[in-house]
>>> print(open('start_0.pdb').read())   # PDB, C-alpha atoms and all ligand atoms
ATOM      1  CA  MET A   1     -92.698-166.499 248.290  1.00  0.00           C
ATOM      2  CA  GLY A   2     -92.407-163.454 250.418  1.00  0.00           C
ATOM      3  CA  THR A   3     -91.308-161.694 253.525  1.00  0.00           C
ATOM      4  CA  GLU A   4     -93.437-161.486 256.625  1.00  0.00           C
ATOM      5  CA  HIS A   5     -92.721-158.979 259.369  1.00  0.00           C
ATOM      6  CA  ARG A   6     -94.103-159.982 262.725  1.00  0.00           C
ATOM      7  CA  PRO A   7     -93.587-157.954 265.912  1.00  0.00           C
ATOM      8  CA  SER A   8     -90.941-160.322 267.223  1.00  0.00           C
ATOM      9  CA  ALA A   9     -89.253-161.517 264.044  1.00  0.00           C
ATOM     10  CA  THR A  10     -88.937-161.327 260.271  1.00  0.00           C
ATOM     11  CA  TYR A  11     -89.536-164.406 258.126  1.00  0.00           C
ATOM     12  CA  HIS A  12     -88.332-164.819 254.565  1.00  0.00           C
ATOM     13  CA  VAL A  13     -90.206-167.743 253.063  1.00  0.00           C
ATOM     14  CA  TYR A  14     -89.208-169.615 249.887  1.00  0.00           C
ATOM     15  CA  ARG A  15     -90.370-172.785 248.206  1.00  0.00           C
ATOM     16  CA  GLY A  16     -87.981-175.475 247.013  1.00  0.00           C
ATOM     17  CA  PRO A  17     -88.373-178.720 245.072  1.00  0.00           C
ATOM     18  CA  ASP A  18     -86.838-180.931 247.782  1.00  0.00           C
ATOM     19  CA  ARG A  19     -84.753-180.980 250.952  1.00  0.00           C
ATOM     20  CA  ALA A  20     -81.417-181.202 249.146  1.00  0.00           C
ATOM     21  CA  HIS A  21     -82.087-177.980 247.266  1.00  0.00           C
ATOM     22  CA  ALA A  22     -83.425-176.334 250.419  1.00  0.00           C
ATOM     23  CA  LEU A  23     -80.281-177.253 252.333  1.00  0.00           C
ATOM     24  CA  GLU A  24     -78.027-176.017 249.543  1.00  0.00           C
ATOM     25  CA  PHE A  25     -79.940-172.740 249.381  1.00  0.00           C
ATOM     26  CA  LEU A  26     -79.806-172.218 253.148  1.00  0.00           C
ATOM     27  CA  ARG A  27     -76.073-172.957 253.289  1.00  0.00           C
ATOM     28  CA  GLY A  28     -75.556-170.125 250.825  1.00  0.00           C
ATOM     29  CA  THR A  29     -77.955-167.707 252.538  1.00  0.00           C
ATOM     30  CA  PRO A  30     -76.338-166.305 255.665  1.00  0.00           C
ATOM     31  CA  VAL A  31     -78.597-164.922 258.396  1.00  0.00           C
ATOM     32  CA  MET A  32     -76.451-162.328 260.104  1.00  0.00           C
ATOM     33  CA  GLU A  33     -79.027-160.663 262.359  1.00  0.00           C
ATOM     34  CA  PRO A  34     -81.055-161.965 265.319  1.00  0.00           C
ATOM     35  CA  HIS A  35     -84.830-162.488 264.982  1.00  0.00           C
ATOM     36  CA  VAL A  36     -84.525-163.160 261.251  1.00  0.00           C
ATOM     37  CA  TYR A  37     -85.577-166.517 259.833  1.00  0.00           C
ATOM     38  CA  VAL A  38     -85.230-167.912 256.328  1.00  0.00           C
ATOM     39  CA  ILE A  39     -87.648-170.767 255.699  1.00  0.00           C
ATOM     40  CA  VAL A  40     -87.698-173.079 252.681  1.00  0.00           C
ATOM     41  CA  GLU A  41     -90.880-175.080 252.210  1.00  0.00           C
ATOM     42  CA  THR A  42     -90.565-178.354 250.323  1.00  0.00           C
ATOM     43  CA  PRO A  43     -92.848-181.342 249.773  1.00  0.00           C
ATOM     44  CA  GLN A  44     -90.430-183.275 252.021  1.00  0.00           C
ATOM     45  CA  GLY A  45     -90.738-180.879 254.928  1.00  0.00           C
ATOM     46  CA  ASN A  46     -89.511-177.389 255.715  1.00  0.00           C
ATOM     47  CA  LEU A  47     -86.030-176.275 256.659  1.00  0.00           C
ATOM     48  CA  GLY A  48     -85.092-172.980 258.240  1.00  0.00           C
ATOM     49  CA  ARG A  49     -82.052-170.937 259.071  1.00  0.00           C
ATOM     50  CA  ASP A  50     -81.528-168.442 261.871  1.00  0.00           C
ATOM     51  CA  LEU A  51     -78.500-166.640 263.274  1.00  0.00           C
ATOM     52  CA  ILE A  52     -76.989-169.884 264.552  1.00  0.00           C
ATOM     53  CA  TYR A  53     -78.456-172.960 262.906  1.00  0.00           C
ATOM     54  CA  VAL A  54     -79.971-174.598 259.887  1.00  0.00           C
ATOM     55  CA  PHE A  55     -82.916-176.402 261.509  1.00  0.00           C
ATOM     56  CA  GLU A  56     -86.024-178.498 260.939  1.00  0.00           C
ATOM     57  CA  GLU A  57     -88.946-176.116 260.928  1.00  0.00           C
ATOM     58  CA  SER A  58     -91.384-178.693 262.299  1.00  0.00           C
ATOM     59  CA  ASP A  59     -89.666-179.155 265.644  1.00  0.00           C
ATOM     60  CA  GLY A  60     -86.715-176.751 265.618  1.00  0.00           C
ATOM     61  CA  ARG A  61     -84.180-179.575 265.714  1.00  0.00           C
ATOM     62  CA  PRO A  62     -80.741-178.354 264.521  1.00  0.00           C
ATOM     63  CA  VAL A  63     -79.438-179.857 261.280  1.00  0.00           C
ATOM     64  CA  GLU A  64     -76.082-178.075 261.333  1.00  0.00           C
ATOM     65  CA  PHE A  65     -74.509-174.761 262.263  1.00  0.00           C
ATOM     66  CA  GLY A  66     -75.104-172.112 259.631  1.00  0.00           C
ATOM     67  CA  ALA A  67     -71.877-171.620 257.689  1.00  0.00           C
ATOM     68  CA  ARG A  68     -70.131-168.298 258.296  1.00  0.00           C
ATOM     69  CA  THR A  69     -67.902-167.000 255.553  1.00  0.00           C
ATOM     70  CA  ARG A  70     -65.133-164.475 255.981  1.00  0.00           C
ATOM     71  CA  LEU A  71     -65.639-160.879 254.976  1.00  0.00           C
ATOM     72  CA  GLU A  72     -63.201-159.554 252.380  1.00  0.00           C
ATOM     73  CA  ASN A  73     -62.316-156.705 254.706  1.00  0.00           C
ATOM     74  CA  PRO A  74     -62.649-157.268 258.454  1.00  0.00           C
ATOM     75  CA  ALA A  75     -64.744-154.490 259.979  1.00  0.00           C
ATOM     76  CA  SER A  76     -64.501-153.380 263.592  1.00  0.00           C
ATOM     77  CA  SER A  77     -67.913-153.211 265.267  1.00  0.00           C
ATOM     78  CA  ASP A  78     -69.371-153.123 268.777  1.00  0.00           C
ATOM     79  CA  THR A  79     -72.155-155.514 267.876  1.00  0.00           C
ATOM     80  CA  HIS A  80     -71.032-157.729 265.005  1.00  0.00           C
ATOM     81  CA  CYS A  81     -68.114-160.076 264.441  1.00  0.00           C
ATOM     82  CA  ALA A  82     -65.215-158.368 262.690  1.00  0.00           C
ATOM     83  CA  TRP A  83     -64.524-161.414 260.536  1.00  0.00           C
ATOM     84  CA  CYS A  84     -67.891-162.753 259.392  1.00  0.00           C
ATOM     85  CA  GLY A  85     -70.195-159.787 260.077  1.00  0.00           C
ATOM     86  CA  PHE A  86     -72.656-161.892 262.085  1.00  0.00           C
ATOM     87  CA  TYR A  87     -74.355-160.369 265.136  1.00  0.00           C
ATOM     88  CA  VAL A  88     -72.677-161.404 268.392  1.00  0.00           C
ATOM     89  CA  VAL A  89     -75.215-162.208 271.103  1.00  0.00           C
ATOM     90  CA  PRO A  90     -74.277-160.491 274.379  1.00  0.00           C
ATOM     91  CA  PHE A  91     -73.670-162.768 277.312  1.00  0.00           C
ATOM     92  CA  ALA A  92     -76.189-162.011 280.054  1.00  0.00           C
ATOM     93  CA  VAL A  93     -75.008-162.487 283.631  1.00  0.00           C
ATOM     94  CA  PRO A  94     -77.556-164.600 285.535  1.00  0.00           C
ATOM     95  CA  ARG A  95     -79.679-162.446 287.828  1.00  0.00           C
ATOM     96  CA  GLU A  96     -78.880-164.399 290.978  1.00  0.00           C
ATOM     97  CA  ALA A  97     -75.180-163.956 290.333  1.00  0.00           C
ATOM     98  CA  ALA A  98     -75.297-160.295 289.352  1.00  0.00           C
ATOM     99  CA  ALA A  99     -75.159-159.122 292.979  1.00  0.00           C
ATOM    100  CA  ALA A 100     -71.787-160.743 293.565  1.00  0.00           C
ATOM    101  CA  SER A 101     -68.874-158.317 293.462  1.00  0.00           C
ATOM    102  CA  THR A 102     -66.729-160.658 291.432  1.00  0.00           C
ATOM    103  CA  LEU A 103     -67.960-163.346 289.157  1.00  0.00           C
ATOM    104  CA  SER A 104     -66.433-165.979 286.979  1.00  0.00           C
ATOM    105  CA  VAL A 105     -68.617-167.723 284.466  1.00  0.00           C
ATOM    106  CA  TYR A 106     -67.374-170.642 282.465  1.00  0.00           C
ATOM    107  CA  LEU A 107     -69.040-171.674 279.267  1.00  0.00           C
ATOM    108  CA  THR A 108     -67.821-174.387 276.991  1.00  0.00           C
ATOM    109  CA  MET A 109     -67.156-173.309 273.435  1.00  0.00           C
ATOM    110  CA  ASP A 110     -70.042-175.552 272.378  1.00  0.00           C
ATOM    111  CA  GLU A 111     -72.381-173.642 274.665  1.00  0.00           C
ATOM    112  CA  ALA A 112     -71.061-170.339 273.362  1.00  0.00           C
ATOM    113  CA  ARG A 113     -71.626-171.496 269.765  1.00  0.00           C
ATOM    114  CA  GLU A 114     -75.178-172.609 270.505  1.00  0.00           C
ATOM    115  CA  LYS A 115     -75.949-169.147 271.871  1.00  0.00           C
ATOM    116  CA  GLY A 116     -73.981-167.164 269.289  1.00  0.00           C
ATOM    117  CA  HIS A 117     -71.713-165.456 271.812  1.00  0.00           C
ATOM    118  CA  GLY A 118     -68.419-163.845 270.999  1.00  0.00           C
ATOM    119  CA  LEU A 119     -65.171-162.678 272.517  1.00  0.00           C
ATOM    120  CA  ARG A 120     -63.416-159.347 272.523  1.00  0.00           C
ATOM    121  CA  CYS A 121     -59.662-158.928 272.266  1.00  0.00           C
ATOM    122  CA  HIS A 122     -58.325-156.612 274.978  1.00  0.00           C
ATOM    123  CA  HIS A 123     -55.363-155.716 272.833  1.00  0.00           C
ATOM    124  CA  CYS A 124     -56.927-154.715 269.531  1.00  0.00           C
ATOM    125  CA  ALA A 125     -60.557-154.430 270.755  1.00  0.00           C
ATOM    126  CA  LEU A 126     -61.879-156.559 267.908  1.00  0.00           C
ATOM    127  CA  LEU A 127     -65.140-158.350 268.564  1.00  0.00           C
ATOM    128  CA  GLN A 128     -65.181-161.846 267.134  1.00  0.00           C
ATOM    129  CA  CYS A 129     -67.783-164.581 267.282  1.00  0.00           C
ATOM    130  CA  VAL A 130     -66.774-167.947 268.700  1.00  0.00           C
ATOM    131  CA  PHE A 131     -67.046-169.466 265.223  1.00  0.00           C
ATOM    132  CA  CYS A 132     -64.299-167.164 263.967  1.00  0.00           C
ATOM    133  CA  ALA A 133     -61.968-167.239 266.969  1.00  0.00           C
ATOM    134  CA  ASP A 134     -58.940-169.355 266.204  1.00  0.00           C
ATOM    135  CA  PHE A 135     -58.355-172.316 268.444  1.00  0.00           C
ATOM    136  CA  ALA A 136     -54.938-173.609 269.342  1.00  0.00           C
ATOM    137  CA  ALA A 137     -54.255-176.586 271.559  1.00  0.00           C
ATOM    138  CA  SER A 138     -53.155-175.608 275.061  1.00  0.00           C
ATOM    139  CA  GLY A 139     -50.930-177.603 277.394  1.00  0.00           C
ATOM    140  CA  ASP A 140     -53.709-179.410 279.245  1.00  0.00           C
ATOM    141  CA  GLY A 141     -55.188-180.843 276.091  1.00  0.00           C
ATOM    142  CA  GLY A 142     -57.923-178.229 275.885  1.00  0.00           C
ATOM    143  CA  THR A 143     -58.198-175.424 273.416  1.00  0.00           C
ATOM    144  CA  GLU A 144     -58.100-171.683 273.888  1.00  0.00           C
ATOM    145  CA  PRO A 145     -59.501-169.101 271.536  1.00  0.00           C
ATOM    146  CA  HIS A 146     -57.044-166.644 270.042  1.00  0.00           C
ATOM    147  CA  CYS A 147     -57.551-163.293 268.365  1.00  0.00           C
ATOM    148  CA  ARG A 148     -57.348-163.645 264.603  1.00  0.00           C
ATOM    149  CA  ALA A 149     -55.785-160.206 264.307  1.00  0.00           C
ATOM    150  CA  CYS A 150     -53.022-160.196 266.921  1.00  0.00           C
ATOM    151  CA  GLY A 151     -52.836-163.801 268.116  1.00  0.00           C
ATOM    152  CA  ARG A 152     -53.382-162.988 271.791  1.00  0.00           C
ATOM    153  CA  MET A 153     -55.576-165.227 273.872  1.00  0.00           C
ATOM    154  CA  LEU A 154     -59.202-164.237 274.193  1.00  0.00           C
ATOM    155  CA  LYS A 155     -60.654-164.663 277.647  1.00  0.00           C
ATOM    156  CA  GLU A 156     -63.549-162.331 278.016  1.00  0.00           C
ATOM    157  CA  LEU A 157     -67.012-163.064 276.764  1.00  0.00           C
ATOM    158  CA  VAL A 158     -68.958-160.061 275.649  1.00  0.00           C
ATOM    159  CA  LYS A 159     -71.276-159.178 278.496  1.00  0.00           C
ATOM    160  CA  VAL A 160     -74.306-157.036 278.967  1.00  0.00           C
ATOM    161  CA  ARG A 161     -74.389-154.979 282.131  1.00  0.00           C
ATOM    162  CA  GLY A 162     -77.189-154.902 284.673  1.00  0.00           C
ATOM    163  CA  SER A 163     -79.242-157.747 283.323  1.00  0.00           C
TER     164      SER A 163
HETATM  165 ZN    ZN B 201     -67.522-164.443 263.123  1.00  0.00          ZN
HETATM  166 ZN    ZN B 202     -56.293-158.894 269.076  1.00  0.00          ZN
END
>>> encode(input="start_0.pdb", output="structure tokens")
Amino acid sequence: MGTEHRPSATYHVYRGPDRAHALEFLRGTPVMEPHVYVIVETPQGNLGRDLIYVFEESDGRPVEFGARTRLENPASSDTHCAWCGFYVVPFAVPREAAAASTLSVYLTMDEAREKGHGLRCHHCALLQCVFCADFAASGDGGTEPHCRACGRMLKELVKVRGS
């Protein structure tokens, strides 16, 4: 139906016959940049997709994570995942903690997925989103993300300074 540019976001709006078609369309329409929304209007309600989720447009409730497919050729970037090309949302250090000289922040992988964060490999410098980081079981029953390129463990979230 059209594309609407608003100051804060861009909306691509389509019309579909029903929810099943809308969902199928959205699964095959990756949104790789922040502040971009694909909306499909149907007589059974509207579905949308953003950088992270396929969601119900009426209340924003997530339906599922938006599928991320692998690029044919991984591309090194400071802002986007090398493997899927999706924008990696920088991790902002909370203001009240920013004054501390050392800081450890622990996020679960679920939290990192919900926010679209990523990890950077210290060895090969590749940025990779948490959806693309490989997970291998560690000794304590948890999982640790590993670099897809070199297999080393990824520990550092991508941070923004001075926020
Ligand atoms: Zn990725
Ligand atoms: Zn690596």
>>> resolve_selection(input="start_0.pdb", expression="the PyMOL selection byres (((not hetatm)) within 9 of (chain B and resi 201))", output="NGL selection string")
:A and (68-70 or 80-88 or 118 or 127-133)
>>> write_last_selection(input="start_0.pdb", atoms="C-alpha atoms", output="short mmCIF file (atom, residue, chain, number, x, y, z; two decimals), keeping the file's coordinate frame")
data_model
loop_
_atom_site.label_atom_id
_atom_site.label_comp_id
_atom_site.auth_asym_id
_atom_site.auth_seq_id
_atom_site.Cartn_x
_atom_site.Cartn_y
_atom_site.Cartn_z
CA ARG A 68 -70.13 -168.30 258.30
CA THR A 69 -67.90 -167.00 255.55
CA ARG A 70 -65.13 -164.48 255.98
CA HIS A 80 -71.03 -157.73 265.00
CA CYS A 81 -68.11 -160.08 264.44
CA ALA A 82 -65.22 -158.37 262.69
CA TRP A 83 -64.52 -161.41 260.54
CA CYS A 84 -67.89 -162.75 259.39
CA GLY A 85 -70.19 -159.79 260.08
CA PHE A 86 -72.66 -161.89 262.08
CA TYR A 87 -74.36 -160.37 265.14
CA VAL A 88 -72.68 -161.40 268.39
CA GLY A 118 -68.42 -163.84 271.00
CA LEU A 127 -65.14 -158.35 268.56
CA GLN A 128 -65.18 -161.85 267.13
CA CYS A 129 -67.78 -164.58 267.28
CA VAL A 130 -66.77 -167.95 268.70
CA PHE A 131 -67.05 -169.47 265.22
CA CYS A 132 -64.30 -167.16 263.97
CA ALA A 133 -61.97 -167.24 266.97
#
>>> resolve_selection(input="start_0.pdb", expression="the PyMOL selection byres (((not hetatm)) within 10 of (chain B and resi 202))", output="number ranges by chain")
A: 120-128, 146-154
>>> residues_around(input="start_0.pdb", residues="Phe65 in chain A", least_positions_apart="5", cutoff="8 Å", atoms="all atoms listed in the file", output="ChimeraX atom specification")
/A:52-54
>>> axis_aligned_box(input="start_0.pdb", around="range 6-18 of chain A", padding_each_side="6 Å", output="JSON")
{"center_x": -90.5, "center_y": -169.4, "center_z": 256.1, "size_x": 19.3, "size_y": 35.0, "size_z": 34.2}
>>> residues_around(input="start_0.pdb", residues="range 19-25 of chain A", least_positions_apart="2", cutoff="9 Å", atoms="all atoms listed in the file", output="list in words")
Tyr14, Arg15, Gly16, Pro17, Arg27, Gly28, Thr29, Ile39, Val40, Glu41, Thr42, Pro43, Gln44, Gly45, Asn46, Leu47, Gly48 and Val54 of chain A
